[in-house]
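> My structure is stored as work11.cif, with mmCIF, C-alpha atoms.
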```cif
data_protein
loop_
_atom_site.label_atom_id
_atom_site.label_comp_id
_atom_site.auth_asym_id
_atom_site.auth_seq_id
_atom_site.Cartn_x
_atom_site.Cartn_y
_atom_site.Cartn_z
CA MET V 25 33.64 21.14 1.69
CA THR V 26 31.09 21.44 -1.09
CA LEU V 27 27.34 21.47 -0.48
CA TYR V 28 27.11 17.98 -1.96
CA GLY V 29 29.76 16.81 0.50
CA VAL V 30 27.81 18.33 3.40
CA PHE V 31 24.73 16.39 2.33
CA GLN V 32 26.75 13.18 2.21
CA VAL V 33 27.95 13.75 5.77
CA PHE V 34 24.36 14.44 6.78
CA ALA V 35 23.23 11.18 5.13
CA PHE V 36 25.88 9.20 7.03
CA VAL V 37 24.99 10.80 10.37
CA LEU V 38 21.30 10.22 9.68
CA GLY V 39 22.09 6.57 9.04
CA LEU V 40 23.99 6.35 12.34
CA CYS V 41 20.95 7.69 14.19
CA LEU V 42 18.63 5.29 12.39
CA GLY V 43 21.01 2.45 13.24
CA SER V 44 20.84 3.43 16.90
CA PHE V 45 17.04 3.29 16.68
CA LEU V 46 17.26 -0.12 15.00
CA ASN V 47 19.23 -1.40 17.99
CA VAL V 48 16.24 -0.50 20.15
CA CYS V 49 13.86 -2.19 17.72
CA ILE V 50 15.92 -5.38 17.66
CA ALA V 51 15.80 -5.61 21.44
CA ARG V 52 12.15 -4.64 22.00
CA MET V 53 10.00 -5.54 19.00
CA PRO V 54 10.25 -9.33 19.42
CA GLU V 55 9.00 -8.88 23.00
CA ASP V 56 6.20 -6.56 21.85
CA ARG V 57 7.59 -3.67 23.91
CA SER V 58 7.39 0.01 22.99
CA VAL V 59 10.37 1.36 21.08
CA ILE V 60 9.61 4.87 22.32
CA SER V 61 9.63 4.49 26.10
CA PRO V 62 11.14 3.87 28.57
CA ARG V 63 14.64 5.12 27.91
CA SER V 64 17.31 2.63 26.93
CA ARG V 65 19.02 0.92 29.84
CA CYS V 66 22.20 -1.04 30.37
CA PRO V 67 21.32 -4.74 29.95
CA HIS V 68 23.65 -5.61 32.85
CA CYS V 69 22.89 -3.10 35.62
CA GLY V 70 19.62 -1.64 34.34
CA HIS V 71 20.79 1.96 34.74
CA PRO V 72 19.20 4.38 32.22
CA ILE V 73 21.67 5.40 29.55
CA ARG V 74 22.52 9.10 29.71
CA ALA V 75 22.01 11.24 26.63
CA ILE V 76 25.75 11.89 26.41
CA ASP V 77 26.34 8.15 26.37
CA ASN V 78 23.78 7.54 23.65
CA ILE V 79 25.54 9.26 20.74
CA PRO V 80 25.69 6.71 17.92
CA LEU V 81 29.10 5.10 17.46
CA LEU V 82 30.96 7.91 19.23
CA SER V 83 29.76 7.11 22.76
CA TRP V 84 30.76 3.46 22.40
CA LEU V 85 34.28 4.52 21.44
CA LEU V 86 34.61 7.16 24.17
CA LEU V 87 33.37 4.76 26.85
CA GLY V 88 35.84 2.12 25.81
CA ALA V 89 32.99 -0.27 24.99
CA ARG V 90 31.94 -0.42 28.66
CA CYS V 91 28.97 0.84 30.66
CA ARG V 92 29.76 4.03 32.57
CA ASP V 93 28.03 2.72 35.71
CA CYS V 94 28.74 -1.01 36.02
CA HIS V 95 31.76 -1.17 33.66
CA GLN V 96 30.43 -4.30 31.99
CA PRO V 97 31.32 -4.64 28.28
CA ILE V 98 28.94 -3.23 25.67
CA SER V 99 28.46 -5.57 22.73
CA VAL V 100 30.23 -4.61 19.52
CA ALA V 101 26.95 -5.43 17.74
CA TYR V 102 25.57 -1.99 18.67
CA PRO V 103 28.20 0.14 16.88
CA LEU V 104 28.31 -2.35 13.99
CA VAL V 105 24.59 -1.90 13.36
CA GLU V 106 24.97 1.89 13.59
CA ALA V 107 27.99 2.06 11.29
CA SER V 108 26.46 -0.35 8.76
CA THR V 109 23.23 1.63 8.63
CA GLY V 110 25.19 4.85 8.26
CA LEU V 111 27.10 3.47 5.27
CA LEU V 112 23.90 2.05 3.80
CA VAL V 113 22.07 5.39 3.95
CA LEU V 114 25.11 7.11 2.46
CA LEU V 115 25.08 4.65 -0.46
CA VAL V 116 21.36 5.27 -0.95
CA PHE V 117 21.99 9.01 -1.03
CA ARG V 118 24.71 8.64 -3.66
CA GLU V 119 22.43 6.41 -5.74
CA VAL V 120 19.29 8.56 -5.53
CA VAL V 121 21.08 11.93 -5.54
CA PRO V 122 23.99 11.13 -7.88
CA GLY V 123 25.54 14.59 -8.02
CA PRO V 124 25.27 18.29 -7.12
CA SER V 125 22.82 18.89 -9.98
CA ALA V 126 20.36 16.51 -8.30
CA LEU V 127 20.27 18.49 -5.03
CA ASP V 128 16.66 19.52 -5.45
CA GLY V 129 13.39 18.89 -3.67
CA PRO V 130 12.19 15.88 -5.68
CA HIS V 131 15.47 13.97 -5.40
CA LEU V 132 15.81 14.71 -1.69
CA LEU V 133 12.25 13.53 -1.07
CA ALA V 134 13.04 10.37 -3.02
CA PHE V 135 16.12 9.92 -0.84
CA ALA V 136 14.00 10.22 2.31
CA TRP V 137 11.52 7.66 0.91
CA TYR V 138 14.19 5.14 -0.03
CA THR V 139 15.91 5.70 3.32
CA LEU V 140 12.72 4.53 5.03
CA PHE V 141 12.75 1.53 2.71
CA VAL V 142 16.33 0.39 3.39
CA THR V 143 16.00 1.08 7.13
CA ALA V 144 12.93 -1.16 7.25
CA LEU V 145 14.81 -3.84 5.29
CA ALA V 146 17.78 -3.62 7.66
CA GLY V 147 15.48 -3.85 10.68
CA ALA V 148 13.60 -6.82 9.22
CA ALA V 149 16.86 -8.62 8.40
CA LEU V 150 18.39 -8.08 11.84
CA VAL V 151 15.29 -9.09 13.81
CA ASP V 152 14.67 -12.11 11.59
CA ALA V 153 18.28 -13.25 11.83
CA ARG V 154 18.15 -13.11 15.62
CA HIS V 155 14.56 -14.11 16.42
CA HIS V 156 13.24 -15.72 13.21
CA ILE V 157 10.37 -13.25 12.92
CA VAL V 158 9.72 -10.27 10.65
CA PRO V 159 7.87 -7.52 12.55
CA ASP V 160 4.84 -6.09 10.75
CA GLU V 161 6.25 -2.61 11.40
CA PHE V 162 9.03 -3.40 8.93
CA SER V 163 6.87 -5.17 6.35
CA LEU V 164 3.07 -4.91 6.36
CA TRP V 165 2.92 -1.36 7.72
CA MET V 166 5.43 -0.19 5.13
CA ILE V 167 3.37 -1.30 2.12
CA PRO V 168 1.05 1.76 2.16
CA VAL V 169 4.12 3.95 2.70
CA GLY V 170 5.61 2.49 -0.47
CA VAL V 171 2.45 2.98 -2.54
CA ALA V 172 1.82 6.50 -1.20
CA GLY V 173 5.44 7.48 -1.83
CA ALA V 174 5.32 6.18 -5.39
CA LEU V 175 2.12 8.14 -5.96
CA GLY V 176 3.56 11.37 -4.53
CA LEU V 177 6.92 11.13 -6.26
CA GLY V 178 5.15 10.43 -9.54
CA PHE V 179 3.83 14.00 -9.48
CA LEU V 180 7.32 15.43 -8.92
CA GLY V 181 9.23 13.88 -11.77
CA PRO V 182 9.83 10.76 -13.84
CA ASP V 183 12.20 7.97 -12.84
CA LEU V 184 12.29 8.94 -9.16
CA ALA V 185 10.26 5.88 -8.19
CA PRO V 186 7.97 3.26 -9.72
CA THR V 187 4.52 4.54 -10.70
CA TRP V 188 1.76 3.95 -8.17
CA LYS V 189 0.35 1.26 -10.46
CA GLN V 190 3.72 -0.49 -10.60
CA SER V 191 3.91 -0.18 -6.83
CA LEU V 192 0.50 -1.79 -6.33
CA VAL V 193 1.29 -4.58 -8.77
CA GLY V 194 4.65 -5.12 -7.08
CA ALA V 195 3.06 -5.42 -3.64
CA PHE V 196 0.45 -7.85 -4.91
CA ALA V 197 2.88 -9.88 -7.02
CA GLY V 198 5.45 -10.17 -4.23
CA GLY V 199 2.95 -11.46 -1.71
CA ALA V 200 1.05 -13.66 -4.18
CA PHE V 201 4.20 -15.33 -5.50
CA LEU V 202 5.44 -16.48 -2.10
CA MET V 203 1.94 -17.53 -1.09
CA ALA V 204 1.79 -19.69 -4.21
CA VAL V 205 5.22 -21.15 -3.44
CA ASN V 206 4.08 -21.94 0.09
CA ALA V 207 0.89 -23.59 -1.15
CA ALA V 208 2.83 -25.76 -3.60
CA TYR V 209 5.35 -26.71 -0.91
CA TRP V 210 2.53 -27.67 1.44
CA LEU V 211 0.91 -29.88 -1.21
CA VAL V 212 4.17 -31.72 -1.82
CA ARG V 213 5.77 -31.83 1.63
CA ARG V 214 2.91 -31.05 4.02
CA GLU V 215 5.21 -28.47 5.62
CA VAL V 216 5.34 -24.70 5.75
CA GLY V 217 7.91 -23.59 3.20
CA VAL V 218 7.58 -19.81 3.48
CA TRP V 219 6.59 -18.01 6.65
CA PRO V 220 4.00 -15.19 6.59
CA GLY V 221 6.63 -12.64 7.54
CA ASP V 222 8.57 -13.38 4.36
CA VAL V 223 5.39 -13.03 2.28
CA LYS V 224 4.69 -9.58 3.74
CA LEU V 225 8.34 -8.56 3.40
CA LEU V 226 8.46 -9.36 -0.32
CA ALA V 227 5.15 -7.54 -0.80
CA MET V 228 6.72 -4.50 0.88
CA ILE V 229 9.77 -4.72 -1.39
CA GLY V 230 7.47 -4.85 -4.40
CA ALA V 231 5.63 -1.75 -3.18
CA PHE V 232 8.88 0.23 -3.21
CA LEU V 233 10.61 -1.25 -6.27
CA GLY V 234 7.74 -2.39 -8.47
CA ALA V 235 7.18 -5.87 -9.88
CA PHE V 236 9.30 -6.29 -13.00
CA PRO V 237 12.21 -6.71 -13.22
CA ALA V 238 12.91 -5.79 -9.59
CA LEU V 239 11.16 -8.69 -7.84
CA ILE V 240 12.77 -11.22 -10.15
CA LEU V 241 16.20 -9.85 -9.30
CA VAL V 242 15.38 -9.73 -5.57
CA LEU V 243 14.39 -13.39 -5.63
CA ILE V 244 17.42 -14.41 -7.68
CA LEU V 245 19.84 -12.54 -5.41
CA GLY V 246 18.10 -13.53 -2.17
CA SER V 247 17.93 -17.21 -3.10
CA SER V 248 21.52 -17.24 -4.36
CA ILE V 249 22.92 -15.57 -1.24
CA GLY V 250 20.83 -17.84 0.98
CA ALA V 251 22.05 -20.94 -0.83
CA ILE V 252 25.68 -19.86 -0.58
CA VAL V 253 25.37 -19.08 3.13
CA GLY V 254 23.49 -22.33 3.81
CA ILE V 255 26.06 -24.46 2.00
CA GLY V 256 28.86 -22.59 3.76
CA LEU V 257 27.32 -23.24 7.18
CA VAL V 258 26.87 -26.93 6.44
CA LEU V 259 30.48 -27.26 5.30
CA ALA V 260 31.79 -25.18 8.21
CA THR V 261 29.91 -27.11 10.88
CA ARG V 262 30.27 -30.47 9.11
CA HIS V 263 26.68 -31.37 9.90
CA GLY V 264 25.56 -32.30 6.44
CA GLY V 265 22.77 -34.51 7.78
CA LEU V 266 21.44 -31.87 10.17
CA LYS V 267 18.34 -29.98 9.16
CA MET V 268 19.26 -26.33 9.49
CA ALA V 269 16.55 -23.65 9.46
CA LEU V 270 17.81 -20.41 7.97
CA PRO V 271 15.44 -17.43 7.99
CA PHE V 272 14.75 -16.19 4.47
CA GLY V 273 14.01 -12.59 5.51
CA PRO V 274 17.64 -11.42 5.73
CA PHE V 275 18.35 -12.70 2.22
CA LEU V 276 15.24 -11.08 0.79
CA ALA V 277 16.31 -7.84 2.47
CA LEU V 278 19.82 -8.11 1.03
CA GLY V 279 18.31 -8.80 -2.37
CA GLY V 280 16.11 -5.72 -2.06
CA ILE V 281 19.00 -3.48 -1.04
CA ALA V 282 21.26 -4.81 -3.80
CA THR V 283 18.50 -4.36 -6.36
CA LEU V 284 18.02 -0.73 -5.34
CA LEU V 285 21.73 0.09 -5.36
CA PHE V 286 23.03 -2.07 -8.21
CA GLY V 287 19.90 -3.31 -9.99
CA GLU V 288 20.54 -2.67 -13.67
CA PRO V 289 24.21 -3.78 -13.82
CA VAL V 290 23.48 -6.93 -11.80
CA LEU V 291 20.46 -7.80 -13.95
CA ARG V 292 22.49 -7.27 -17.11
CA ARG V 293 25.28 -9.56 -15.87
CA TRP V 294 22.80 -12.26 -14.80
CA THR V 295 21.18 -12.08 -18.25
CA GLU V 296 24.53 -12.34 -20.00
CA ALA V 297 25.52 -15.31 -17.84
CA PHE V 298 22.21 -17.02 -18.56
CA LEU V 299 22.56 -16.48 -22.31
CA LEU V 300 26.04 -18.03 -22.21
CA LEU V 301 24.54 -21.20 -20.74
CA LEU V 302 22.03 -21.57 -23.56
CA PRO V 303 22.97 -24.00 -26.36
CA THR V 304 24.10 -22.32 -29.54
#
```
Can you present the structure in this file as structure tokens?

Amino acid sequence: MTLYGVFQVFAFVLGLCLGSFLNVCIARMPEDRSVISPRSRCPHCGHPIRAIDNIPLLSWLLLGARCRDCHQPISVAYPLVEASTGLLVLLVFREVVPGPSALDGPHLLAFAWYTLFVTALAGAALVDARHHIVPDEFSLWMIPVGVAGALGLGFLGPDLAPTWKQSLVGAFAGGAFLMAVNAAYWLVRREVGVWPGDVKLLAMIGAFLGAFPALILVLILGSSIGAIVGIGLVLATRHGGLKMALPFGPFLALGGIATLLFGEPVLRRWTEAFLLLLPT
């Protein structure tokens, strides 16, 4: 196996470990519990999970998806989160470090920075989908990480990240835009249209990706995916008259991830599609 292949394996394994940590965050953050201690326990019998039984993905397979002590089933959600995060981090590695020639310090630091970004997005999406909240640890606290990373990477080489000025503008623009949308919605409907967690999440995305054109693409993709999912749920449940509250955070997170991984081609196709709709 080549050195580049070894790094890809490392990126996947790193993602598995981060996914395992996200499982802890999903369970504890909404209850304001520490994600560091105590050790993870079986939700059925409460027995602490042994280190050998806490290997991401592998332990679930070896245990036959059951607790070693009480033999109750272990949810498939745990390995799915781990495997998805592993694949996500691998994709980020291949995007940020596109080949063996990019195996240098600056690109690897950029990979570490963007890995923090997508892990926070994945955590925000999963917690919001389950509990309808976006923890500050995955949004507000990550904004200075985004700005500081853009500043540091700017000294190492061009095109590794947005400039620190673009990062600051992106954070401000992301938060200000959704705050303005919420204010307008309140004036018209006298209801909250955008929750504070979504405002902070988009500000965090702007801190890592910059304002233009990234935030525009994030909003287009997030809104489009959300609309498709919402319409699909209405049709599937046949409750067209039922008011369904879908959290926006997961769709913003998906938009942010897609923008990072496929930004330029997607933006180009959206622009071409828009131009086709214009009258000639």
> Would you compute an axis-aligned box for range 115-118 of chain V, covering every atom listed for it in the file with 3 Å of margin on each side, and report centre and edge lengths in Å to one decimal as JSON?

```
{"center_x": 23.2, "center_y": 6.8, "center_z": -2.1, "size_x": 9.7, "size_y": 10.4, "size_z": 9.2}
```
> What would the selection look like, as an MDAnalysis selection string, if the PyMOL selection byres ((chain V and resi 119-129) around 10) were run on the coordinates I just shared?
chainID V and resid 26:29 31:32 113:118 130:136 138:139 180 184:185 284:286
> Could you pull the residues within 7 Å of range 58-70 of chain V, counting only C-alpha atoms, minus those fewer than 3 positions along the same chain, as an MDAnalysis selection string?
chainID V and resid 48:49 52 73 94 96
> For the atom pair CA of Phe201 in chain V and CA of Asp222 in chain V, what is the interatomic distance in Å to one decimal place?
11.0 Å
> At a cut-off of 10 Å, using all atoms listed in the file, what residues contact Lys189 in chain V? Leave out same-chain residues fewer than 6 positions from it and give the result as a list in words.
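Everything that qualifies: Val171, Ala174, Leu175, Ala195, Ala231, Gly234 and Ala235 of chain V.
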> Would you list the contacts of Ile157 in chain V as a PyMOL selection string, taking every protein, DNA or RNA residue within 10 Å and counting all atoms listed in the file, but skipping same-chain residues closer than 6 positions in sequence?
chain V and resi 53-54+148-151+219-222+271-273
> Keeping only C-alpha atoms, write those residues as a CSV table (one decimal), in the coordinates of the input.

```csv
chain,number,residue,atom,x,y,z
V,53,MET,CA,10.0,-5.5,19.0
V,54,PRO,CA,10.2,-9.3,19.4
V,148,ALA,CA,13.6,-6.8,9.2
V,149,ALA,CA,16.9,-8.6,8.4
V,150,LEU,CA,18.4,-8.1,11.8
V,151,VAL,CA,15.3,-9.1,13.8
V,219,TRP,CA,6.6,-18.0,6.6
V,220,PRO,CA,4.0,-15.2,6.6
V,221,GLY,CA,6.6,-12.6,7.5
V,222,ASP,CA,8.6,-13.4,4.4
V,271,PRO,CA,15.4,-17.4,8.0
V,272,PHE,CA,14.8,-16.2,4.5
V,273,GLY,CA,14.0,-12.6,5.5
```
> Find the residues around Leu270 in chain V up to 10 Å (all atoms listed in the file counted), leave out those fewer than 5 positions away in its own chain, and share them as a list in words.
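Non-adjacent residues within range: Asp152, Ala153, His156, Gly250, Ala251, Val253, Gly254, Leu257 and Phe275 of chain V.
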> Put range 66-99 of chain V into a file with C-alpha atoms, as a compact mmCIF listing (two decimals), in the first residue's frame.

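Result file follows (selection.txt):
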```txt
# COMPACT_ATOMS: atom_id res chain seq x y z
CA CYS V 66 -25.24 -0.06 28.43
CA PRO V 67 -28.58 1.80 28.29
CA HIS V 68 -30.38 -1.40 29.34
CA CYS V 69 -28.39 -2.84 32.25
CA GLY V 70 -26.18 0.14 33.11
CA HIS V 71 -22.98 -1.92 33.07
CA PRO V 72 -19.88 0.09 32.04
CA ILE V 73 -18.77 -0.79 28.54
CA ARG V 74 -15.37 -2.48 28.49
CA ALA V 75 -12.61 -0.99 26.37
CA ILE V 76 -12.55 -4.10 24.18
CA ASP V 77 -16.26 -3.64 23.54
CA ASN V 78 -15.88 0.02 22.63
CA ILE V 79 -13.92 -0.33 19.38
CA PRO V 80 -15.85 1.64 16.76
CA LEU V 81 -17.88 -0.51 14.38
CA LEU V 82 -15.82 -3.65 15.03
CA SER V 83 -17.10 -4.31 18.56
CA TRP V 84 -20.73 -4.03 17.44
CA LEU V 85 -20.09 -6.68 14.78
CA LEU V 86 -18.14 -9.01 17.07
CA LEU V 87 -20.79 -8.80 19.80
CA GLY V 88 -23.54 -9.62 17.36
CA ALA V 89 -25.21 -6.28 18.08
CA ARG V 90 -25.91 -7.29 21.69
CA CYS V 91 -24.60 -6.21 25.08
CA ARG V 92 -22.03 -8.64 26.48
CA ASP V 93 -23.64 -8.52 29.95
CA CYS V 94 -27.42 -8.35 29.52
CA HIS V 95 -27.60 -9.55 25.89
CA GLN V 96 -30.07 -6.83 24.99
CA PRO V 97 -29.81 -5.54 21.39
CA ILE V 98 -27.54 -2.59 20.64
CA SER V 99 -29.13 -0.08 18.29
```
